[in-house]
$ cat structure.txt   # compact mmCIF, C-alpha atoms and all ligand atoms
# COMPACT_ATOMS: atom_id res chain seq x y z
CA MET A 1 14.96 -6.42 17.56
CA MET A 2 18.20 -8.18 16.74
CA ALA A 3 18.00 -9.94 20.13
CA GLU A 4 14.46 -11.04 19.30
CA LEU A 5 15.60 -12.49 15.96
CA MET A 6 18.24 -14.48 17.84
CA GLY A 7 15.75 -15.83 20.39
CA LYS A 8 17.20 -13.88 23.30
CA ALA A 9 15.34 -12.89 26.48
CA ALA A 10 16.30 -9.24 25.90
CA GLY A 11 14.30 -9.12 22.64
CA TYR A 12 11.07 -7.14 22.19
CA CYS A 13 9.00 -10.33 22.73
CA LYS A 14 11.42 -11.96 25.16
CA GLY A 15 12.76 -14.12 22.34
CA ARG A 16 9.47 -15.88 21.64
CA SER A 17 8.38 -14.34 18.34
CA GLY A 18 11.11 -15.33 15.92
CA SER A 19 11.29 -13.17 12.80
CA MET A 20 7.64 -13.57 11.80
CA HIS A 21 5.58 -12.50 14.81
CA ILE A 22 7.57 -9.60 16.17
CA ALA A 23 5.57 -6.95 18.02
CA ALA A 24 6.71 -3.91 20.00
CA ALA A 25 3.76 -1.96 21.34
CA GLU A 26 6.14 0.59 22.90
CA CYS A 27 7.30 1.49 19.36
CA GLY A 28 3.79 1.35 17.89
CA ILE A 29 4.47 -1.96 16.12
CA LEU A 30 1.30 -4.01 16.56
CA GLY A 31 2.76 -7.22 15.22
CA ALA A 32 4.05 -8.86 12.08
CA ASN A 33 2.00 -11.77 10.86
CA ALA A 34 2.87 -15.01 9.07
CA ILE A 35 -0.60 -15.27 7.54
CA MET A 36 -0.86 -13.24 4.36
CA ALA A 37 -3.13 -10.17 4.79
CA ALA A 38 -3.98 -11.12 8.40
CA GLY A 39 -2.33 -7.99 9.76
CA ILE A 40 -4.68 -5.78 7.73
CA PRO A 41 -7.89 -6.40 9.74
CA MET A 42 -5.80 -5.98 12.90
CA ALA A 43 -4.80 -2.55 11.62
CA LEU A 44 -8.47 -1.88 10.84
CA GLY A 45 -9.39 -2.66 14.46
CA ALA A 46 -6.63 -0.42 15.78
CA ALA A 47 -7.80 2.41 13.48
CA TYR A 48 -11.36 1.89 14.70
CA ALA A 49 -10.14 2.22 18.30
CA LEU A 50 -8.29 5.45 17.47
CA ALA A 51 -11.38 6.91 15.82
CA ALA A 52 -13.67 5.80 18.68
CA ASN A 53 -11.33 7.47 21.18
CA ARG A 54 -11.07 10.57 18.96
CA GLN A 55 -7.28 10.35 18.77
CA ARG A 56 -5.57 12.16 15.92
CA ARG A 57 -3.25 9.26 15.20
CA VAL A 58 -2.84 7.02 12.16
CA VAL A 59 -2.42 3.28 11.64
CA VAL A 60 -0.32 2.06 8.72
CA ALA A 61 -0.78 -1.48 7.39
CA PHE A 62 2.17 -2.82 5.38
CA PHE A 63 1.67 -5.89 3.21
CA GLY A 64 3.07 -7.59 0.12
CA ASP A 65 1.62 -7.98 -3.38
CA GLY A 66 0.87 -11.56 -2.32
CA ALA A 67 -1.78 -10.23 0.10
CA VAL A 68 -3.78 -8.28 -2.47
CA ALA A 69 -5.88 -11.23 -3.69
CA GLU A 70 -6.85 -12.10 -0.11
CA GLY A 71 -10.37 -11.27 1.07
CA ALA A 72 -9.10 -9.65 4.27
CA PHE A 73 -7.50 -6.85 2.22
CA HIS A 74 -10.74 -6.05 0.37
CA GLU A 75 -12.98 -6.42 3.42
CA SER A 76 -10.75 -4.09 5.40
CA MET A 77 -10.66 -1.45 2.63
CA ASN A 78 -14.44 -1.59 2.46
CA MET A 79 -14.97 -1.05 6.19
CA ALA A 80 -12.19 1.53 6.51
CA SER A 81 -13.76 3.55 3.71
CA LEU A 82 -17.29 3.20 5.07
CA TRP A 83 -16.24 4.33 8.56
CA LYS A 84 -13.64 6.87 7.33
CA LEU A 85 -10.98 5.33 9.54
CA PRO A 86 -7.44 6.76 9.99
CA LEU A 87 -5.77 3.89 8.13
CA VAL A 88 -3.12 3.93 5.41
CA PHE A 89 -2.77 0.76 3.32
CA VAL A 90 0.80 0.38 2.00
CA CYS A 91 1.52 -2.40 -0.49
CA GLU A 92 5.17 -3.30 -1.06
CA LYS A 93 4.75 -4.55 -4.62
CA ASN A 94 7.99 -6.42 -5.14
CA GLN A 95 6.68 -8.36 -8.17
CA TYR A 96 6.63 -11.80 -6.49
CA ALA A 97 4.57 -13.67 -3.92
CA GLU A 98 7.06 -16.17 -2.63
CA MET A 99 8.10 -17.80 -5.95
CA THR A 100 5.06 -16.71 -7.98
CA PRO A 101 5.33 -13.72 -10.36
CA ILE A 102 2.56 -11.16 -9.92
CA GLY A 103 1.11 -11.80 -13.41
CA VAL A 104 0.29 -15.38 -12.39
CA HIS A 105 -1.81 -14.63 -9.31
CA LEU A 106 -3.35 -11.15 -9.65
CA SER A 107 -5.92 -10.12 -12.27
CA ASN A 108 -5.45 -6.35 -11.97
CA GLN A 109 -1.78 -5.72 -11.37
CA GLN A 110 -2.20 -2.00 -10.94
CA ILE A 111 -2.81 -2.37 -7.22
CA SER A 112 -3.68 1.29 -6.55
CA GLY A 113 -6.66 0.70 -8.89
CA TYR A 114 -8.39 -1.44 -6.26
CA ALA A 115 -8.88 1.73 -4.20
CA ASN A 116 -11.46 2.96 -6.75
CA SER A 117 -13.81 0.12 -5.82
CA TYR A 118 -13.89 1.38 -2.26
CA LYS A 119 -14.00 5.09 -3.12
CA ILE A 120 -10.69 5.94 -1.48
CA PRO A 121 -7.60 7.59 -2.99
CA GLY A 122 -5.07 5.18 -4.46
CA VAL A 123 -1.61 6.13 -5.75
CA THR A 124 1.26 4.25 -7.36
CA VAL A 125 4.72 5.48 -6.41
CA ASP A 126 8.28 4.47 -7.16
CA GLY A 127 8.92 2.39 -4.05
CA ASN A 128 12.68 2.67 -4.55
CA ASP A 129 12.49 6.47 -4.31
CA VAL A 130 12.48 7.35 -0.61
CA VAL A 131 11.26 10.88 -1.24
CA ALA A 132 8.37 9.75 -3.47
CA VAL A 133 7.26 7.31 -0.77
CA GLN A 134 7.59 9.99 1.92
CA THR A 135 5.53 12.49 -0.08
CA ALA A 136 2.72 9.98 -0.63
CA ALA A 137 2.86 8.88 3.02
CA ILE A 138 2.61 12.44 4.34
CA ALA A 139 -0.43 13.15 2.15
CA ALA A 140 -2.15 9.92 3.22
CA CYS A 141 -1.39 10.44 6.92
CA ASP A 142 -2.58 14.07 6.82
CA ARG A 143 -5.80 12.92 5.20
CA ALA A 144 -6.31 10.17 7.79
CA ARG A 145 -5.46 12.46 10.71
CA THR A 146 -8.00 15.06 9.66
CA GLY A 147 -10.86 12.55 9.58
CA MET A 148 -11.01 12.17 5.79
CA GLY A 149 -10.46 8.43 5.88
CA PRO A 150 -8.10 5.82 4.45
CA SER A 151 -5.81 5.74 1.41
CA LEU A 152 -3.91 3.10 -0.50
CA ILE A 153 -0.27 3.51 -1.55
CA GLU A 154 1.20 1.05 -4.03
CA CYS A 155 5.01 1.06 -3.83
CA GLU A 156 6.60 -0.39 -6.98
CA THR A 157 9.75 -2.20 -5.93
CA TYR A 158 11.61 -5.48 -6.18
CA ARG A 159 12.82 -8.22 -3.88
CA ILE A 160 16.55 -8.40 -4.54
CA ARG A 161 16.96 -11.45 -2.30
CA GLY A 162 14.92 -14.65 -2.13
CA HIS A 163 11.71 -15.02 -0.13
CA PHE A 164 13.58 -16.71 2.73
CA GLU A 165 17.18 -17.32 3.74
CA GLY A 166 18.40 -20.16 1.50
CA ASP A 167 16.03 -19.29 -1.39
CA LYS A 168 18.43 -18.88 -4.31
CA ALA A 169 15.50 -17.56 -6.39
CA PRO A 170 16.09 -19.51 -9.62
CA TYR A 171 12.60 -18.44 -10.74
CA ARG A 172 13.80 -14.90 -11.50
CA PRO A 173 15.31 -13.92 -14.88
CA GLU A 174 18.84 -12.56 -14.36
CA PRO A 175 18.33 -9.41 -16.55
CA GLU A 176 15.27 -8.50 -14.46
CA LEU A 177 17.32 -8.77 -11.28
CA GLU A 178 20.15 -6.69 -12.74
CA GLN A 179 17.74 -4.01 -13.92
CA TRP A 180 16.36 -3.59 -10.40
CA ARG A 181 19.73 -3.93 -8.72
CA ALA A 182 20.75 -0.80 -10.63
CA ARG A 183 17.87 1.00 -8.93
CA ASP A 184 18.89 0.13 -5.35
CA PRO A 185 16.93 2.58 -3.16
CA ILE A 186 19.91 3.29 -0.88
CA ALA A 187 22.19 4.05 -3.84
CA LEU A 188 19.47 6.27 -5.37
CA LEU A 189 19.14 8.21 -2.10
CA GLU A 190 22.89 8.59 -1.91
CA THR A 191 22.96 10.11 -5.41
CA ARG A 192 20.07 12.40 -4.52
CA LEU A 193 21.82 13.61 -1.35
CA ARG A 194 25.09 14.14 -3.22
CA ASP A 195 23.28 16.08 -5.98
CA SER A 196 21.58 18.24 -3.38
CA GLY A 197 24.99 19.32 -2.07
CA LEU A 198 25.64 16.99 0.87
CA SER A 199 29.41 16.75 1.34
CA GLU A 200 31.31 13.51 0.80
CA SER A 201 32.50 13.53 4.41
CA THR A 202 28.94 13.90 5.78
CA LEU A 203 27.84 10.98 3.59
CA VAL A 204 30.70 8.84 4.91
CA GLN A 205 29.80 9.80 8.51
CA LEU A 206 26.16 8.98 7.88
CA LYS A 207 26.96 5.51 6.54
CA GLU A 208 29.41 4.92 9.35
CA SER A 209 26.85 5.80 12.03
CA VAL A 210 24.26 3.44 10.47
CA ARG A 211 26.83 0.63 10.24
CA ASN A 212 27.90 1.22 13.86
CA GLY A 213 24.28 1.13 15.03
CA ILE A 214 23.70 -2.22 13.31
CA GLU A 215 26.96 -3.71 14.56
CA GLU A 216 26.19 -2.58 18.10
CA ALA A 217 22.74 -4.24 17.91
CA VAL A 218 24.33 -7.48 16.68
CA ARG A 219 26.97 -7.38 19.45
CA PHE A 220 24.28 -6.73 22.07
CA ALA A 221 22.14 -9.59 20.76
CA GLU A 222 25.00 -12.06 20.54
CA ALA A 223 26.12 -11.34 24.10
CA ALA A 224 22.57 -11.48 25.56
CA PRO A 225 21.47 -14.63 27.41
CA PRO A 226 19.03 -16.91 25.54
CA ALA A 227 15.34 -17.09 26.43
CA THR A 228 14.78 -19.98 28.82
CA THR A 229 12.01 -22.57 28.64
CA ASN A 230 11.16 -21.80 32.28
CA SER A 231 9.77 -18.42 31.26
CA ILE A 232 7.77 -19.73 28.32
CA ARG A 233 4.35 -19.41 29.98
CA GLU A 234 4.78 -15.89 31.28
CA ASP A 235 2.29 -13.58 29.56
CA ILE A 236 0.18 -16.52 28.34
CA TYR A 237 -1.67 -17.62 31.47
CA GLY A 238 -2.90 -15.36 34.28
CA ALA A 239 -1.28 -14.77 37.64
CA GLY A 240 0.75 -17.80 38.66
CA GLY A 241 0.88 -19.15 35.09
CA ALA A 242 4.57 -18.40 34.82
CA ALA A 243 5.22 -20.80 37.69
CA ILE A 244 3.65 -23.81 35.91
CA PRO A 245 6.48 -26.18 35.03
CA CYS A 246 6.91 -27.19 31.37
CA GLY A 247 6.10 -30.55 29.87
CA THR A 248 4.98 -32.57 32.90
CA GLU A 249 1.52 -31.32 33.90
CA SER A 250 -1.88 -32.00 32.33
CA ARG A 251 -3.58 -29.61 29.91
CA THR A 252 -6.42 -29.01 32.36
CA THR A 253 -3.95 -27.64 34.88
CA ASN A 254 -2.35 -25.43 32.25
CA THR A 255 -5.47 -23.61 31.24
CA GLN A 256 -6.65 -22.68 34.72
C1 LIG B 1 -3.24 -17.02 3.90
C2 LIG B 1 -1.91 -17.57 3.50
N1 LIG B 1 -1.80 -18.34 2.38
C3 LIG B 1 -0.60 -18.83 2.00
C4 LIG B 1 0.52 -18.58 2.73
C5 LIG B 1 1.88 -19.14 2.31
N2 LIG B 1 2.74 -18.01 1.87
C6 LIG B 1 3.73 -17.57 2.66
S1 LIG B 1 4.47 -16.23 2.00
C7 LIG B 1 3.47 -16.26 0.63
C8 LIG B 1 3.60 -15.20 -0.44
C9 LIG B 1 3.80 -13.83 0.16
O1 LIG B 1 3.82 -12.87 -0.84
P1 LIG B 1 4.25 -11.38 -0.50
O2 LIG B 1 3.37 -10.88 0.58
O3 LIG B 1 4.27 -10.63 -1.77
O4 LIG B 1 5.69 -11.52 0.16
P2 LIG B 1 7.10 -11.72 -0.58
O5 LIG B 1 7.10 -13.08 -1.21
O6 LIG B 1 7.26 -10.64 -1.57
O7 LIG B 1 8.12 -11.63 0.52
C10 LIG B 1 2.57 -17.32 0.69
C11 LIG B 1 1.59 -17.65 -0.35
C12 LIG B 1 0.37 -17.77 3.91
N3 LIG B 1 1.42 -17.46 4.67
N4 LIG B 1 -0.84 -17.27 4.26
MG MG B 2 5.82 -9.78 -2.78
$ encode --input "structure.txt" --output "C-alpha cells"
Amino acid sequence: MMAELMGKAAGYCKGRSGSMHIAAAECGILGANAIMAAGIPMALGAAYALAANRQRRVVVAFFGDGAVAEGAFHESMNMASLWKLPLVFVCEKNQYAEMTPIGVHLSNQQISGYANSYKIPGVTVDGNDVVAVQTAAIAACDRARTGMGPSLIECETYRIRGHFEGDKAPYRPEPELEQWRARDPIALLETRLRDSGLSESTLVQLKESVRNGIEEAVRFAEAAPPATTNSIREDIYGAGGAAIPCGTESRTTNTQ
C-alpha cells in the first residue's frame, strides 16, 4: 500500500491509483472512492452478489459524515434492507465534511437514527474505543452472515488532522481539538491494555513491532522502481492494449 501511495509499480494497483482510488481485491478491498458516498452502492452490489451466490460473507461500507446527506447512502440502505443483504454500513463521524462542521450540512446529526427509516438496526458507538467498535461490528456481521440483513454503525470520532495534507484546519476551535486529542484511540487502548494487566515490556514490544512494520513498508516503497508510462494501458484495453504506445496514436486506435 505504501508503494501504491508513492506511485510505484509494486503497489496494489501498480502505482496508478494514488491515495484515493486504492483497491486490493486479494485483501477484500473493493476500492476507495473520491466521490462521496459512491462506494456505498458498490458495496450494495457486492453484498447482492454474495447473497445471490449464497455465500456466508459480509461486505462493510466505510464512509464519512459528509456522505450521509447523499442520496446514494439512503438508496443503498433502502435496497439493502428490502433484500436483507449482508451489508454493514459504518459511518466515521469525525464532525467535519472537509471544512464544514456537521451542524451546517446535516439535519439529523444522530446518524444511527437514519436506520429507523429503513427498518434496520442502528447504533452509535464511541469510535475512539476500539473495543466498543469491535463489539458493534461483531454483532452487525453476525446478523448479516445469518441472513438477517444490514445494520448501521455510527462511530463518534474526530479528525485530528486536516482534510488533506497542507490543510492547517483553521476552521476548528482549539479547545475542541484539545478535548479530542486527549481521547486519542491508540492512547485509550494502551491504557485499557495496561489496566487489564499487559506488562510494560509487552506493550513496548507491541509498539516496536508496529513501528518496524511501517518503517519496513516505507523502505520497500522508497526503494521500489516507479510505475512507467509504458505500462499505463495494461488492464484498461483488451489483449494487445498494453502494447499501444502512449500519446501518439488516435483515439479510434486506442479503443479497439
Ligand atoms: C459527490 C461529491 N460532492 C462533493 C465532493 C467534494 N468533497 C470532497 S471531500 C468532501 C467532504 C467529505 O466529508 P467526509 O466524508 O466526512 O470526509 P472528511 O472530511 O471527514 O475526511 C467533499 C464535499 C465529492 N468528493 N463528492
Ligand atoms: Mg468527516
$ residues_near_ligand --input "structure.txt" --ligand "ligand LIG 1 (chain B)" --cutoff "12 Å" --atoms "all atoms listed in the file" --output "number ranges by chain"
A: 20, 32-40, 62-73, 90-102, 105-106, 155-165, 167, 169
$ closest_residue --input "structure.txt" --among "A:Glu208, A:Gly7, A:Glu154, A:Leu44" --to "Asp126 (chain A)" --atoms "only C-alpha atoms"
A:Glu154
$ residues_near_point --input "structure.txt" --point "(-6.2, 8.5, 2.2)" --cutoff "9 Å" --atoms "only C-alpha atoms" --output "PyMOL selection string"
chain A and resi 86-89+120-122+139-144+148-153
$ atom_distance --input "structure.txt" --atom1 "CA of Ala10 (chain A)" --atom2 "CA of Pro225 (chain A)"
7.6 Å
$ atom_distance --input "structure.txt" --atom1 "CA of Val104 (chain A)" --atom2 "atom MG of ligand MG 2 (chain B)"
12.4 Å
$ residues_around --input "structure.txt" --residues "Ala224 (chain A)" --least-positions-apart "6" --cutoff "9 Å" --atoms "only C-alpha atoms" --output "list in words"
Ala3, Lys8, Ala9 and Ala10 of chain A
$ closest_residue --input "structure.txt" --among "A:Gln134, A:Ile186, A:Glu216, A:Gly103" --to "ligand MG 2 (chain B)" --atoms "all atoms listed in the file"
A:Gly103
$ axis_aligned_box --input "structure.txt" --around "region 5-14 of chain A" --padding-each-side "6 Å" --output "AutoDock Vina command-line options"
--center_x 13.6 --center_y -11.5 --center_z 21.2 --size_x 21.2 --size_y 20.7 --size_z 22.5
$ atom_distance --input "structure.txt" --atom1 "CA of Met6 (chain A)" --atom2 "CA of Gly18 (chain A)"
7.4 Å
$ closest_residue --input "structure.txt" --among "A:Pro173, A:Ala52, A:Met2, A:Val58" --to "Ile138 (chain A)" --atoms "only C-alpha atoms"
A:Val58
$ closest_residue --input "structure.txt" --among "A:Arg16, A:Lys168, A:Arg57, A:Arg145" --to "Gly28 (chain A)" --atoms "all atoms listed in the file"
A:Arg57
$ closest_residue --input "structure.txt" --among "A:Ile236, A:Tyr118, A:Gly166, A:Val130" --to "Thr191 (chain A)" --atoms "all atoms listed in the file"
A:Val130
$ closest_residue --input "structure.txt" --among "A:Lys119, A:Arg219, A:Lys207, A:Arg233" --to "Asn78 (chain A)" --atoms "all atoms listed in the file"
A:Lys119
$ decode --input "structure.txt" --residues "region 135-163 of chain A" --atoms "N, CA and C atoms" --output "mmCIF file, in the first residue's frame"
data_model
loop_
_atom_site.group_PDB
_atom_site.id
_atom_site.type_symbol
_atom_site.label_atom_id
_atom_site.label_comp_id
_atom_site.auth_asym_id
_atom_site.auth_seq_id
_atom_site.Cartn_x
_atom_site.Cartn_y
_atom_site.Cartn_z
ATOM 1 N N THR A 135 -17.164 -4.657 19.299
ATOM 2 C CA THR A 135 -18.382 -5.314 19.785
ATOM 3 C C THR A 135 -19.546 -5.052 18.832
ATOM 4 N N ALA A 136 -19.687 -3.795 18.408
ATOM 5 C CA ALA A 136 -20.784 -3.452 17.486
ATOM 6 C C ALA A 136 -20.567 -4.143 16.135
ATOM 7 N N ALA A 137 -19.320 -4.205 15.697
ATOM 8 C CA ALA A 137 -19.020 -4.807 14.390
ATOM 9 C C ALA A 137 -19.320 -6.307 14.397
ATOM 10 N N ILE A 138 -18.974 -6.971 15.490
ATOM 11 C CA ILE A 138 -19.223 -8.419 15.572
ATOM 12 C C ILE A 138 -20.738 -8.685 15.507
ATOM 13 N N ALA A 139 -21.496 -7.883 16.263
ATOM 14 C CA ALA A 139 -22.959 -8.082 16.270
ATOM 15 C C ALA A 139 -23.540 -7.865 14.878
ATOM 16 N N ALA A 140 -23.075 -6.797 14.199
ATOM 17 C CA ALA A 140 -23.616 -6.484 12.869
ATOM 18 C C ALA A 140 -23.210 -7.549 11.849
ATOM 19 N N CYS A 141 -21.973 -8.024 11.942
ATOM 20 C CA CYS A 141 -21.502 -9.047 10.978
ATOM 21 C C CYS A 141 -22.218 -10.378 11.217
ATOM 22 N N ASP A 142 -22.422 -10.720 12.480
ATOM 23 C CA ASP A 142 -23.145 -11.975 12.788
ATOM 24 C C ASP A 142 -24.549 -11.925 12.202
ATOM 25 N N ARG A 143 -25.184 -10.773 12.401
ATOM 26 C CA ARG A 143 -26.538 -10.580 11.888
ATOM 27 C C ARG A 143 -26.563 -10.730 10.363
ATOM 28 N N ALA A 144 -25.602 -10.067 9.710
ATOM 29 C CA ALA A 144 -25.548 -10.100 8.242
ATOM 30 C C ALA A 144 -25.276 -11.524 7.746
ATOM 31 N N ARG A 145 -24.365 -12.198 8.432
ATOM 32 C CA ARG A 145 -23.932 -13.537 7.997
ATOM 33 C C ARG A 145 -25.055 -14.565 8.134
ATOM 34 N N THR A 146 -25.958 -14.321 9.074
ATOM 35 C CA THR A 146 -27.032 -15.296 9.285
ATOM 36 C C THR A 146 -28.311 -14.902 8.533
ATOM 37 N N GLY A 147 -28.159 -14.044 7.529
ATOM 38 C CA GLY A 147 -29.283 -13.729 6.649
ATOM 39 C C GLY A 147 -30.288 -12.753 7.217
ATOM 40 N N MET A 148 -29.928 -12.047 8.323
ATOM 41 C CA MET A 148 -30.899 -11.131 8.931
ATOM 42 C C MET A 148 -30.827 -9.718 8.365
ATOM 43 N N GLY A 149 -29.860 -9.491 7.485
ATOM 44 C CA GLY A 149 -29.823 -8.204 6.796
ATOM 45 C C GLY A 149 -28.823 -7.206 7.335
ATOM 46 N N PRO A 150 -28.907 -5.973 6.835
ATOM 47 C CA PRO A 150 -27.890 -4.946 7.120
ATOM 48 C C PRO A 150 -28.054 -4.257 8.475
ATOM 49 N N SER A 151 -27.013 -3.527 8.855
ATOM 50 C CA SER A 151 -27.048 -2.686 10.066
ATOM 51 C C SER A 151 -26.243 -1.424 9.780
ATOM 52 N N LEU A 152 -26.487 -0.435 10.616
ATOM 53 C CA LEU A 152 -25.724 0.819 10.506
ATOM 54 C C LEU A 152 -25.002 1.085 11.822
ATOM 55 N N ILE A 153 -23.701 1.343 11.739
ATOM 56 C CA ILE A 153 -22.919 1.687 12.940
ATOM 57 C C ILE A 153 -22.393 3.115 12.768
ATOM 58 N N GLU A 154 -22.734 3.957 13.718
ATOM 59 C CA GLU A 154 -22.235 5.340 13.710
ATOM 60 C C GLU A 154 -21.090 5.431 14.726
ATOM 61 N N CYS A 155 -19.882 5.697 14.227
ATOM 62 C CA CYS A 155 -18.719 5.784 15.120
ATOM 63 C C CYS A 155 -18.398 7.259 15.385
ATOM 64 N N GLU A 156 -18.641 7.682 16.632
ATOM 65 C CA GLU A 156 -18.353 9.073 17.014
ATOM 66 C C GLU A 156 -16.848 9.234 17.167
ATOM 67 N N THR A 157 -16.253 10.101 16.364
ATOM 68 C CA THR A 157 -14.821 10.304 16.460
ATOM 69 C C THR A 157 -14.456 11.715 16.030
ATOM 70 N N TYR A 158 -13.214 11.948 15.730
ATOM 71 C CA TYR A 158 -12.767 13.287 15.368
ATOM 72 C C TYR A 158 -11.597 13.187 14.405
ATOM 73 N N ARG A 159 -11.494 14.174 13.531
ATOM 74 C CA ARG A 159 -10.348 14.187 12.612
ATOM 75 C C ARG A 159 -9.289 15.120 13.187
ATOM 76 N N ILE A 160 -8.265 14.515 13.778
ATOM 77 C CA ILE A 160 -7.226 15.299 14.453
ATOM 78 C C ILE A 160 -6.435 16.141 13.452
ATOM 79 N N ARG A 161 -6.243 15.606 12.256
ATOM 80 C CA ARG A 161 -5.507 16.362 11.227
ATOM 81 C C ARG A 161 -6.489 17.029 10.268
ATOM 82 N N GLY A 162 -5.959 17.781 9.309
ATOM 83 C CA GLY A 162 -6.819 18.434 8.328
ATOM 84 C C GLY A 162 -7.404 17.423 7.351
ATOM 85 N N HIS A 163 -8.225 17.911 6.428
ATOM 86 C CA HIS A 163 -8.856 17.021 5.450
ATOM 87 C C HIS A 163 -7.838 16.490 4.451
#
